[in-house]
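Student: I'm passing along target.txt; it holds compact mmCIF, C-alpha atoms.
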# COMPACT_ATOMS: atom_id res chain seq x y z
CA MET A 1 -14.58 -12.95 14.90
CA SER A 2 -11.01 -14.24 15.21
CA LYS A 3 -7.97 -12.16 14.47
CA HIS A 4 -7.40 -14.31 11.39
CA ASP A 5 -10.76 -13.25 9.94
CA ASP A 6 -10.69 -9.60 10.97
CA ASN A 7 -10.08 -7.30 7.99
CA ALA A 8 -10.19 -4.04 9.98
CA ALA A 9 -6.52 -3.31 9.31
CA ALA A 10 -7.28 -3.04 5.59
CA GLU A 11 -10.41 -0.90 5.96
CA GLU A 12 -10.92 2.84 6.30
CA GLU A 13 -13.98 5.08 6.45
CA LEU A 14 -13.53 8.66 5.24
CA GLY A 15 -15.11 11.69 6.86
CA ASP A 16 -17.58 13.91 5.01
CA GLU A 17 -14.97 16.53 4.06
CA SER A 18 -12.59 13.93 2.69
CA LYS A 19 -15.40 12.26 0.74
CA SER A 20 -16.32 15.63 -0.77
CA ILE A 21 -12.75 16.15 -1.98
CA ILE A 22 -12.65 12.66 -3.45
CA PHE A 23 -15.99 13.16 -5.24
CA SER A 24 -14.79 16.47 -6.69
CA MET A 25 -11.56 14.90 -7.91
CA ILE A 26 -12.99 11.74 -9.48
CA SER A 27 -15.75 13.66 -11.26
CA GLN A 28 -13.00 14.50 -13.76
CA PHE A 29 -11.98 10.85 -14.27
CA THR A 30 -13.04 8.41 -16.95
CA ARG A 31 -13.03 4.64 -16.50
CA ASP A 32 -9.60 3.01 -17.02
CA MET A 33 -7.98 6.47 -16.97
CA ASP A 34 -4.24 6.43 -16.19
CA LEU A 35 -3.80 8.16 -12.81
CA SER A 36 0.00 8.40 -12.80
CA ARG A 37 -0.12 12.17 -13.41
CA ILE A 38 -2.91 12.87 -10.90
CA THR A 39 -2.06 14.64 -7.65
CA PHE A 40 -3.91 12.96 -4.78
CA PRO A 41 -4.97 14.81 -1.62
CA THR A 42 -2.63 14.40 1.34
CA PHE A 43 -5.19 12.67 3.58
CA VAL A 44 -4.87 9.51 1.44
CA LEU A 45 -1.07 9.48 1.74
CA GLU A 46 1.00 7.07 3.77
CA PRO A 47 3.89 9.05 5.32
CA ARG A 48 6.70 7.34 3.43
CA SER A 49 7.86 7.16 -0.16
CA PHE A 50 7.25 4.25 -2.52
CA THR A 51 11.04 3.81 -2.62
CA GLU A 52 10.83 2.85 1.06
CA ARG A 53 7.63 0.88 0.78
CA VAL A 54 9.45 -1.55 -1.51
CA THR A 55 11.36 -2.73 1.58
CA ASP A 56 8.18 -4.43 2.83
CA PHE A 57 9.25 -7.34 0.64
CA MET A 58 12.46 -7.59 2.70
CA SER A 59 10.71 -7.87 6.06
CA HIS A 60 11.20 -11.62 6.49
CA PRO A 61 14.60 -12.46 4.95
CA ASP A 62 15.03 -15.17 7.58
CA PHE A 63 12.95 -17.45 5.36
CA LEU A 64 15.83 -17.29 2.91
CA ILE A 65 18.76 -17.23 5.29
CA ARG A 66 18.02 -18.55 8.78
CA GLN A 67 19.02 -22.04 9.96
CA ALA A 68 16.41 -24.65 9.08
CA GLN A 69 14.08 -25.69 11.88
CA GLY A 70 12.02 -28.28 10.03
CA ILE A 71 10.80 -28.33 6.44
CA TRP A 72 8.06 -25.71 7.01
CA GLY A 73 9.94 -23.86 9.74
CA LEU A 74 12.52 -21.16 9.21
CA LEU A 75 13.89 -22.74 6.09
CA ASP A 76 17.46 -21.92 5.17
CA ALA A 77 16.47 -21.82 1.53
CA SER A 78 19.81 -20.82 0.02
CA LYS A 79 21.77 -23.54 1.81
CA SER A 80 19.39 -26.51 1.64
CA ASP A 81 20.58 -29.31 -0.63
CA ASP A 82 17.02 -30.06 -1.73
CA PRO A 83 15.95 -27.80 -4.62
CA VAL A 84 12.28 -28.30 -3.70
CA GLN A 85 12.91 -27.15 -0.14
CA ARG A 86 14.79 -24.14 -1.45
CA PHE A 87 11.86 -23.31 -3.70
CA VAL A 88 9.37 -23.57 -0.82
CA GLY A 89 11.59 -21.23 1.21
CA VAL A 90 11.52 -18.66 -1.59
CA VAL A 91 7.72 -18.98 -1.90
CA LYS A 92 7.35 -18.48 1.85
CA TYR A 93 9.57 -15.41 1.70
CA TYR A 94 7.61 -13.98 -1.26
CA MET A 95 4.20 -14.51 0.33
CA SER A 96 5.30 -13.09 3.69
CA GLY A 97 5.70 -9.51 2.47
CA TRP A 98 2.11 -8.69 1.58
CA HIS A 99 0.67 -8.43 5.10
CA ILE A 100 2.69 -5.29 5.86
CA HIS A 101 0.79 -2.12 5.00
CA PRO A 102 -0.59 0.96 6.79
CA ARG A 103 -3.96 0.75 8.47
CA GLY A 104 -6.70 1.46 5.99
CA VAL A 105 -6.07 2.42 2.37
CA LYS A 106 -3.08 4.70 2.04
CA LYS A 107 -0.90 5.63 -0.92
CA PRO A 108 2.84 6.22 -0.48
CA TYR A 109 4.45 9.38 -1.83
CA ASN A 110 5.16 9.35 -5.56
CA PRO A 111 8.98 9.45 -5.68
CA ILE A 112 10.54 12.24 -7.68
CA LEU A 113 13.01 11.40 -10.43
CA GLY A 114 16.40 10.53 -8.93
CA GLU A 115 15.04 10.08 -5.42
CA PHE A 116 16.57 7.12 -3.59
CA PHE A 117 16.26 5.19 -0.35
CA ARG A 118 19.04 3.12 1.23
CA SER A 119 19.26 1.05 4.39
CA GLN A 120 20.99 -1.86 6.01
CA TYR A 121 19.82 -4.87 8.05
CA GLU A 122 21.34 -6.74 10.97
CA PHE A 123 20.24 -10.33 11.57
CA ASP A 124 20.22 -12.40 14.75
CA ASP A 125 23.24 -14.42 13.61
CA ALA A 126 25.37 -11.21 13.31
CA SER A 127 25.15 -11.27 9.52
CA GLY A 128 23.42 -8.53 7.55
CA ALA A 129 22.22 -7.11 4.26
CA TYR A 130 22.17 -3.86 2.27
CA PHE A 131 19.36 -2.26 0.27
CA VAL A 132 18.95 0.58 -2.20
CA ALA A 133 15.98 1.72 -4.30
CA GLU A 134 15.97 4.57 -6.82
CA GLN A 135 13.30 6.29 -8.89
CA VAL A 136 14.76 5.82 -12.37
CA SER A 137 11.74 7.13 -14.31
CA HIS A 138 8.90 9.45 -13.38
CA HIS A 139 6.61 9.10 -16.41
CA PRO A 140 6.05 6.20 -16.50
CA PRO A 141 6.92 5.65 -12.83
CA ILE A 142 9.65 3.02 -12.37
CA THR A 143 11.39 2.19 -9.10
CA ALA A 144 14.49 0.00 -9.32
CA MET A 145 15.82 -1.87 -6.28
CA PHE A 146 18.73 -4.04 -5.12
CA TYR A 147 19.28 -6.11 -1.96
CA HIS A 148 22.34 -8.13 -0.99
CA SER A 149 23.39 -10.28 1.96
CA PRO A 150 27.18 -10.88 1.72
CA GLU A 151 27.36 -13.67 4.30
CA HIS A 152 24.51 -15.63 2.80
CA ARG A 153 25.34 -14.91 -0.84
CA ILE A 154 21.83 -13.80 -1.72
CA ALA A 155 21.02 -10.96 -4.11
CA ILE A 156 17.64 -9.57 -5.15
CA GLU A 157 17.20 -7.15 -8.04
CA GLY A 158 14.19 -5.77 -9.82
CA ASP A 159 12.08 -2.84 -10.86
CA LEU A 160 8.47 -2.05 -10.08
CA ARG A 161 6.26 -0.26 -12.57
CA PRO A 162 2.95 0.67 -10.92
CA LEU A 163 0.19 1.85 -13.23
CA SER A 164 -2.91 3.24 -11.51
CA ARG A 165 -6.33 3.03 -13.19
CA PHE A 166 -9.70 4.46 -12.22
CA GLN A 167 -12.33 1.68 -12.20
CA GLY A 168 -15.55 3.23 -10.95
CA ASN A 169 -15.76 2.54 -7.22
CA SER A 170 -12.14 1.37 -7.19
CA VAL A 171 -8.65 2.50 -8.04
CA GLY A 172 -6.48 -0.32 -9.34
CA MET A 173 -2.70 -0.36 -9.17
CA LEU A 174 -1.33 -2.74 -11.77
CA LEU A 175 2.09 -3.84 -10.54
CA GLY A 176 4.28 -4.43 -13.56
CA GLY A 177 8.02 -4.96 -13.54
CA TYR A 178 10.18 -7.86 -12.46
CA ALA A 179 12.21 -9.23 -9.57
CA LYS A 180 14.94 -11.86 -9.53
CA ILE A 181 16.32 -13.68 -6.50
CA HIS A 182 19.86 -14.98 -6.99
CA PHE A 183 21.47 -17.71 -4.87
CA LEU A 184 24.99 -16.76 -5.85
CA ASP A 185 26.60 -20.01 -4.70
CA ARG A 186 24.31 -21.90 -7.08
CA PRO A 187 25.09 -20.67 -10.59
CA GLY A 188 22.04 -20.41 -12.82
CA GLU A 189 19.56 -20.77 -9.96
CA ILE A 190 17.47 -17.63 -10.34
CA TYR A 191 13.92 -17.16 -9.08
CA GLU A 192 11.82 -14.84 -11.24
CA VAL A 193 8.88 -13.12 -9.57
CA THR A 194 5.79 -11.33 -10.83
CA TYR A 195 3.30 -9.37 -8.75
CA PRO A 196 -0.47 -9.28 -8.16
CA ASN A 197 -2.46 -6.09 -8.63
CA MET A 198 -3.67 -3.85 -5.79
CA TYR A 199 -7.13 -2.34 -5.48
CA ALA A 200 -8.52 0.44 -3.29
CA ARG A 201 -12.23 -0.39 -3.13
CA GLY A 202 -15.05 1.83 -1.94
CA ILE A 203 -13.77 5.23 -2.99
CA LEU A 204 -17.31 6.37 -3.93
CA PHE A 205 -19.44 4.48 -1.42
CA GLY A 206 -18.93 1.98 1.37
CA LYS A 207 -15.78 1.45 3.38
CA MET A 208 -12.46 1.86 1.64
CA VAL A 209 -10.76 -1.53 1.53
CA LEU A 210 -7.35 -2.65 0.26
CA GLU A 211 -7.38 -5.84 -1.82
CA LEU A 212 -4.89 -7.83 -3.87
CA GLY A 213 -6.11 -9.51 -7.03
CA GLU A 214 -5.22 -11.68 -10.02
CA MET A 215 -2.32 -14.08 -10.53
CA SER A 216 1.35 -13.87 -9.65
CA THR A 217 4.17 -16.36 -10.06
CA VAL A 218 7.55 -17.48 -8.77
CA THR A 219 9.53 -19.42 -11.39
CA CYS A 220 12.86 -21.23 -11.25
CA LYS A 221 13.48 -22.70 -14.69
CA HIS A 222 16.83 -24.09 -13.55
CA ASN A 223 15.06 -26.43 -11.12
CA ASP A 224 11.94 -26.97 -13.25
CA LEU A 225 9.60 -25.43 -10.64
CA VAL A 226 6.87 -22.81 -10.70
CA PHE A 227 4.49 -21.38 -8.10
CA GLU A 228 1.24 -19.93 -9.44
CA VAL A 229 -1.01 -18.18 -6.95
CA GLU A 230 -4.35 -16.44 -7.34
CA PHE A 231 -5.06 -13.54 -4.99
CA LYS A 232 -8.83 -13.67 -4.75
CA THR A 233 -10.95 -10.55 -4.45
CA LYS A 234 -14.16 -10.62 -2.42
CA GLY A 235 -17.42 -10.90 -4.30
CA ILE A 236 -20.20 -8.38 -3.78
CA LEU A 237 -22.53 -10.88 -2.12
CA TRP A 238 -20.25 -13.68 -0.95
CA GLY A 239 -16.66 -14.66 -0.32
CA ALA A 240 -14.02 -13.45 2.11
CA TYR A 241 -11.22 -10.94 1.99
CA ASN A 242 -7.55 -11.71 1.35
CA GLN A 243 -7.92 -15.33 0.23
CA ILE A 244 -5.26 -17.04 -1.86
CA ALA A 245 -5.02 -20.36 -3.70
CA GLY A 246 -1.77 -21.55 -5.25
CA LYS A 247 0.17 -24.56 -6.45
CA ILE A 248 3.83 -25.46 -6.69
CA ARG A 249 4.34 -27.74 -9.66
CA ARG A 250 6.94 -29.18 -12.01
CA ILE A 251 7.11 -27.16 -15.21
CA SER A 252 7.99 -30.13 -17.43
CA THR A 253 5.35 -32.62 -16.20
CA ASN A 254 2.74 -30.26 -14.67
CA GLU A 255 2.83 -32.44 -11.54
CA THR A 256 1.45 -30.62 -8.50
CA LEU A 257 3.84 -30.94 -5.55
CA PHE A 258 2.16 -28.62 -3.04
CA GLU A 259 -1.00 -26.61 -2.62
CA ILE A 260 -1.03 -23.33 -0.67
CA SER A 261 -4.15 -21.66 0.68
CA GLY A 262 -5.31 -19.28 3.36
CA ASN A 263 -5.25 -15.54 4.02
CA TRP A 264 -2.30 -13.45 2.80
CA GLN A 265 -2.76 -10.95 5.62
CA THR A 266 -2.84 -13.44 8.48
CA ALA A 267 -2.10 -17.15 7.99
CA MET A 268 -1.34 -19.39 5.00
CA TYR A 269 -1.11 -23.17 4.83
CA ILE A 270 0.79 -25.67 2.70
CA THR A 271 -0.18 -29.23 1.81
CA ASP A 272 2.23 -31.80 0.35
CA LYS A 273 0.30 -33.36 -2.54
CA ARG A 274 2.98 -36.00 -3.09
CA THR A 275 1.59 -37.80 -0.02
CA SER A 276 -2.07 -38.77 0.03
CA SER A 277 -2.25 -38.63 3.82
CA ALA A 278 -0.64 -35.19 4.18
CA LYS A 279 -2.54 -32.52 6.07
CA PRO A 280 -2.21 -28.74 5.76
CA GLU A 281 0.59 -27.22 7.82
CA VAL A 282 1.23 -23.58 8.64
CA LEU A 283 3.41 -21.94 6.00
CA PHE A 284 3.24 -18.42 7.44
CA ASP A 285 1.41 -16.80 10.36
CA SER A 286 1.90 -13.03 10.54
CA SER A 287 0.92 -12.93 14.23
CA SER A 288 3.90 -15.07 15.25
CA GLU A 289 6.64 -13.89 12.89
CA HIS A 290 9.26 -11.23 13.52
CA VAL A 291 9.71 -8.34 11.09
CA VAL A 292 13.45 -7.67 10.66
CA PRO A 293 13.99 -3.92 11.17
CA GLN A 294 16.13 -1.85 8.86
CA HIS A 295 18.64 0.78 9.88
CA VAL A 296 18.53 4.13 8.06
CA ALA A 297 21.01 6.97 8.54
CA CYS A 298 19.73 10.09 10.30
CA ALA A 299 18.43 12.93 8.14
CA SER A 300 21.59 15.00 8.64
CA GLU A 301 23.59 12.22 6.98
CA GLN A 302 21.21 11.94 4.06
CA GLU A 303 21.49 13.70 0.73
CA PRO A 304 18.80 16.19 -0.40
CA ASN A 305 17.06 13.67 -2.67
CA GLU A 306 17.19 10.79 -0.18
CA SER A 307 13.62 9.77 0.61
CA ARG A 308 13.20 10.42 4.32
CA ASN A 309 15.14 13.67 4.14
CA LEU A 310 13.33 14.84 1.01
CA TRP A 311 9.84 14.23 2.41
CA LYS A 312 10.49 15.02 6.10
CA HIS A 313 8.39 18.21 6.15
CA VAL A 314 5.45 16.41 4.51
CA THR A 315 5.78 13.49 6.92
CA LYS A 316 5.82 15.82 9.92
CA ALA A 317 2.70 17.64 8.73
CA ILE A 318 0.80 14.39 8.04
CA ARG A 319 1.66 12.97 11.45
CA GLU A 320 0.51 16.23 13.02
CA ASN A 321 -2.70 15.96 10.98
CA ASN A 322 -1.93 19.35 9.45
CA LEU A 323 -3.14 18.62 5.94
CA ASN A 324 -2.78 22.20 4.69
CA ALA A 325 0.90 22.24 5.63
CA ALA A 326 1.36 18.76 4.11
CA THR A 327 -0.17 19.94 0.84
CA THR A 328 2.04 23.04 0.77
CA GLN A 329 5.23 21.08 1.40
CA LYS A 330 4.27 18.37 -1.09
CA SER A 331 3.52 20.97 -3.77
CA ALA A 332 6.94 22.57 -3.20
CA ILE A 333 8.67 19.23 -3.87
CA GLU A 334 6.62 18.67 -7.02
CA GLU A 335 7.34 22.19 -8.27
CA GLN A 336 11.05 21.65 -7.68
CA GLN A 337 10.86 18.52 -9.80
CA ARG A 338 9.20 20.43 -12.62
CA GLU A 339 11.98 23.04 -12.46
CA HIS A 340 14.61 20.30 -12.76
CA VAL A 341 12.85 18.98 -15.87
CA LYS A 342 12.90 22.45 -17.42
CA GLU A 343 16.61 22.82 -16.62
CA ARG A 344 17.48 19.52 -18.31
CA GLU A 345 15.40 20.45 -21.35
CA ALA A 346 17.11 23.84 -21.59
CA GLN A 347 20.54 22.22 -21.30
CA GLY A 348 19.70 19.37 -23.67
CA THR A 349 20.66 16.75 -21.08
CA ARG A 350 18.98 13.55 -19.97
CA PHE A 351 18.55 12.18 -16.47
CA GLU A 352 21.10 9.51 -15.57
CA PRO A 353 20.25 7.19 -12.65
CA ARG A 354 22.92 6.94 -9.97
CA PHE A 355 22.60 3.27 -9.01
CA PHE A 356 20.86 1.55 -11.92
CA GLN A 357 20.95 1.36 -15.69
CA LEU A 358 18.53 0.31 -18.40
CA GLU A 359 19.82 -2.77 -20.19
CA ILE A 360 19.05 -4.54 -23.44
CA ASP A 361 16.33 -6.71 -21.86
CA GLY A 362 14.28 -3.56 -21.18
CA ASN A 363 14.75 -3.80 -17.40
CA TYR A 364 16.77 -1.74 -14.95
CA HIS A 365 19.69 -3.55 -13.30
CA PRO A 366 22.20 -2.39 -10.66
CA LYS A 367 25.33 -0.76 -12.06
CA LEU A 368 27.19 -2.96 -9.59
CA VAL A 369 27.32 -6.23 -11.58
CA ILE A 370 25.95 -8.97 -9.32
CA ASN A 371 28.29 -11.69 -10.59
CA ASP A 372 31.28 -9.43 -9.90
CA ILE A 373 30.55 -9.17 -6.16
CA PRO A 374 33.38 -10.91 -4.27
CA LYS A 375 32.56 -14.27 -2.72
CA GLU A 376 34.45 -13.59 0.51
CA PRO A 377 31.97 -11.87 2.90
CA GLU A 378 34.22 -9.07 4.15
CA ALA A 379 35.29 -8.13 0.64
CA ALA A 380 31.66 -8.25 -0.50
CA LYS A 381 30.59 -6.02 2.41
CA GLN A 382 33.20 -3.44 1.51
CA ARG A 383 32.35 -3.49 -2.20
CA VAL A 384 28.56 -3.29 -1.78
CA SER A 385 28.50 -0.81 1.12
CA GLN A 386 30.93 1.49 -0.70
CA TRP A 387 28.68 1.44 -3.76
CA ILE A 388 25.48 2.12 -1.81
CA PHE A 389 26.54 4.40 1.07
CA ALA A 390 29.36 6.52 -0.39
CA LYS A 391 28.55 10.22 -0.66
CA PRO A 392 29.40 12.29 -3.75
CA ASP A 393 32.54 13.57 -1.99
CA GLY A 394 33.73 9.99 -1.41
CA SER A 395 33.05 9.89 2.34
CA MET A 396 30.77 7.21 3.79
CA GLN A 397 27.37 7.80 5.30
CA ASP A 398 27.64 7.60 9.10
CA MET A 399 25.00 5.04 10.10
CA ASP A 400 25.74 5.48 13.81
CA ARG A 401 25.18 9.24 14.05
CA SER A 402 22.29 10.17 16.32
CA GLU A 403 19.35 12.04 14.84
CA ASP A 404 19.82 15.79 15.24
CA ASP A 405 17.61 17.20 12.49
CA PRO A 406 15.09 19.59 14.17
CA VAL A 407 12.28 18.70 11.76
CA VAL A 408 12.65 14.98 12.37
CA LEU A 409 13.00 15.46 16.13
CA ALA A 410 9.77 17.47 16.16
CA THR A 411 7.87 14.86 14.13
CA PRO A 412 5.38 12.78 16.15
CA HIS A 413 6.06 9.07 16.30
CA LYS A 414 4.10 6.71 14.10
CA ARG A 415 0.57 6.06 15.24
How would this structure read if it were set down as structure tokens?

Tutor:
Amino acid sequence: MSKHDDNAAAEEELGDESKSIIFSMISQFTRDMDLSRITFPTFVLEPRSFTERVTDFMSHPDFLIRQAQGIWGLLDASKSDDPVQRFVGVVKYYMSGWHIHPRGVKKPYNPILGEFFRSQYEFDDASGAYFVAEQVSHHPPITAMFYHSPEHRIAIEGDLRPLSRFQGNSVGMLLGGYAKIHFLDRPGEIYEVTYPNMYARGILFGKMVLELGEMSTVTCKHNDLVFEVEFKTKGILWGAYNQIAGKIRRISTNETLFEISGNWQTAMYITDKRTSSAKPEVLFDSSSEHVVPQHVACASEQEPNESRNLWKHVTKAIRENNLNAATTQKSAIEEQQREHVKEREAQGTRFEPRFFQLEIDGNYHPKLVINDIPKEPEAAKQRVSQWIFAKPDGSMQDMDRSEDDPVVLATPHKR
């Protein structure tokens, strides 16, 4: 079996004790039950918060910003003069984020209300980007996010609204919400994105497997283009894991310009349907692409409700495989959140997000107005970094400080 057919990275087999806990828990479930208020055992947790997991979509920004090296190479989508090429670059960027996930089927921490995660990126061309995500609602869970590259004049905003449902031998996560990609030097050119659903299969019997399913889209009405892709789930008796089938077409005429197929976890291919002799070419191959790392301040520079600092004791316990300690620390965080709710109720106050606000369209948007960001890169850097990394006392988070938190230093490295 080739590496492009191997689905081992998305599979997990639970031990007898873990299976017993799962059986005991789901015996209380009914089909299509909303699981957003259910506390899951720590052995199914990925040691990071959902506010950080959102950054998986930012792992290949070079498809939006790097110098073009051929039409299906590292397309400089925001700077290309061809709107179709720009659209293909955005599609490539969007499809490149799904292959990043922990081995097996793991669930990130449920962020507490007001929790946030912030980071910055440095690219090979000495440019960079800034990111922030915040939990703006707990019930229902909503995570708002913002990403900006000053030099390349790209901004991404959105909110994710995961809704988990029990479906017999599966748990489905329905990914609602929105995302918009702005090319700020091209007024009106906005790419609107929707998401597929996620499924954890085999929670009662068989191997636990992560799958994506249903349709998602990328739409740019300004340029009359839409990408519709089906994430196919494997049949019981036939089919393969992680298959996709999509088309890029003109909205006004329904003309198909490109077809995209392959495996979202490994390699995807694109075919130009405008040319009868065109053959499939590689759109994305996860084995040959570079994930752009993000830089996060050390725990001592983080605020109490900043994700890595907030969950550091849980993360340490999970990496040490000390599930009792992980459960105790996780319960303490959840109890603290309940106390904060009681305090607000007693005071008659409402939670106010720090970085985002709910607007008339029903979505959360950054309080920093995107169209007000200066065009000049240095001015934009100062404005955006001040907004994201300033502490409540007005000082800036020191991104260069070495890690000196004893809990983090004692935490085993990722395995």

Student: Report, in Å with one decimal, the straight-line distance from CA of Glu259 in chain A to CA of Gly239 in chain A.

Tutor: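 Computing it gives 19.8 Å between the two atoms.
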
Student: List the neighbours of Gly128 in chain A out to 8 Å using only C-alpha atoms; skip same-chain residues closer than 3 positions along the sequence, and give me the result as a list in words.

Tutor: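 So the residues in contact are Gln120, Tyr121, Glu122, Phe123, Ser149, Pro150 and Glu151 of chain A.
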
Student: Could you list as a PyMOL selection string every residue that has an atom within 6 Å of (0.5, -26.7, 8.5), using the file's coordinates and counting all atoms listed in the file?

Tutor: chain A and resi 269-270+280-282

Student: Go ahead and find all residues with at least one atom no further than 8 Å from (-9.6, -4.5, -1.0) in the file's coordinates, using all atoms listed in the file; report them as a list in words.

Tutor: Ala10, Glu11, Met198, Tyr199, Ala200, Arg201, Met208, Val209, Leu210, Glu211, Leu212, Thr233, Lys234, Tyr241 and Asn242 of chain A

Student: Compare A:Gln85, A:Asn110, A:Ser96, A:Ser127 by their minimum atom-to-atom distance to Pro377 in chain A, counting only C-alpha atoms, and give me the closest one.

Tutor: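 Checking each of A:Gln85, A:Asn110, A:Ser96, A:Ser127 against Pro377 in chain A, counting only C-alpha atoms, the winner is A:Ser127.
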
Student: Residues within 8 Å of range 184-186 of chain A, please, as a PyMOL selection string. Count all atoms listed in the file; anything in the same chain fewer than 2 positions from it doesn't count.

Tutor: chain A and resi 153-155+182+188-189+371

Student: Create the file for the chosen residues now, containing C-alpha atoms and written as a PDB file, keeping the file's coordinate frame.

Tutor:
ATOM      1  CA  ARG A 153      25.340 -14.910  -0.840  1.00  0.00           C
ATOM      2  CA  ILE A 154      21.830 -13.800  -1.720  1.00  0.00           C
ATOM      3  CA  ALA A 155      21.020 -10.960  -4.110  1.00  0.00           C
ATOM      4  CA  HIS A 182      19.860 -14.980  -6.990  1.00  0.00           C
ATOM      5  CA  GLY A 188      22.040 -20.410 -12.820  1.00  0.00           C
ATOM      6  CA  GLU A 189      19.560 -20.770  -9.960  1.00  0.00           C
ATOM      7  CA  ASN A 371      28.290 -11.690 -10.590  1.00  0.00           C
TER       8      ASN A 371
END

Student: Ranking A:Phe183, A:Phe231, A:Phe284, A:Tyr178 by minimum distance to His148 in chain A and counting only C-alpha atoms, which one comes first?

Tutor: A:Phe183

Student: If you count all atoms listed in the file, which residues fall within 6 Å of Lys180 in chain A, apart from same-chain ones fewer than 5 positions away, as a list in words?

Tutor: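 The filter keeps Ile156, Glu157, Tyr191 and Glu192 of chain A.
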
Student: Find the spatial neighbours of Gly158 in chain A, counting all atoms listed in the file, within a cut-off of 12 Å - ignore same-chain residues fewer than 2 positions away - and output them as a ChimeraX atom specification.

Tutor: /A:54,57,131-134,136,142-147,155-156,160-161,176-182,191-195,356-358,362-366

Student: Just give me the gap between CA of Gln337 in chain A and CA of Leu310 in chain A in Å, one decimal is fine.

Tutor: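 It comes out at 11.7 Å.
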
Student: Taking into account all atoms listed in the file, which residue in the set A:Arg401, A:Met95, A:Lys381, A:Glu303 is nearest to Ser261 in chain A?

Tutor: A:Met95

Student: State, in Å with one decimal place, the distance from CA of Glu230 in chain A to CA of Ile251 in chain A.

Tutor: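 Distance between the two atoms: 17.6 Å.
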
Student: With all atoms listed in the file as the counted atoms, please give the residues lying no more than 10 Å from Pro304 in chain A, apart from itself and same-chain residues fewer than 6 positions off, as a list in words.

Tutor: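 Returned residues: Glu115, Phe116, Leu310 and Trp311 of chain A.
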
Student: I'd like to know which of A:Lys279, A:His99, A:Lys316, A:Lys92 is closest to Leu64 in chain A, using only C-alpha atoms.

Tutor: A:Lys92

Student: Check the smallest atom-to-atom distance from each of A:Ser119, A:Cys298, A:Met173, A:Arg250 to Cys220 in chain A using all atoms listed in the file, then report the winner.

Tutor: A:Arg250
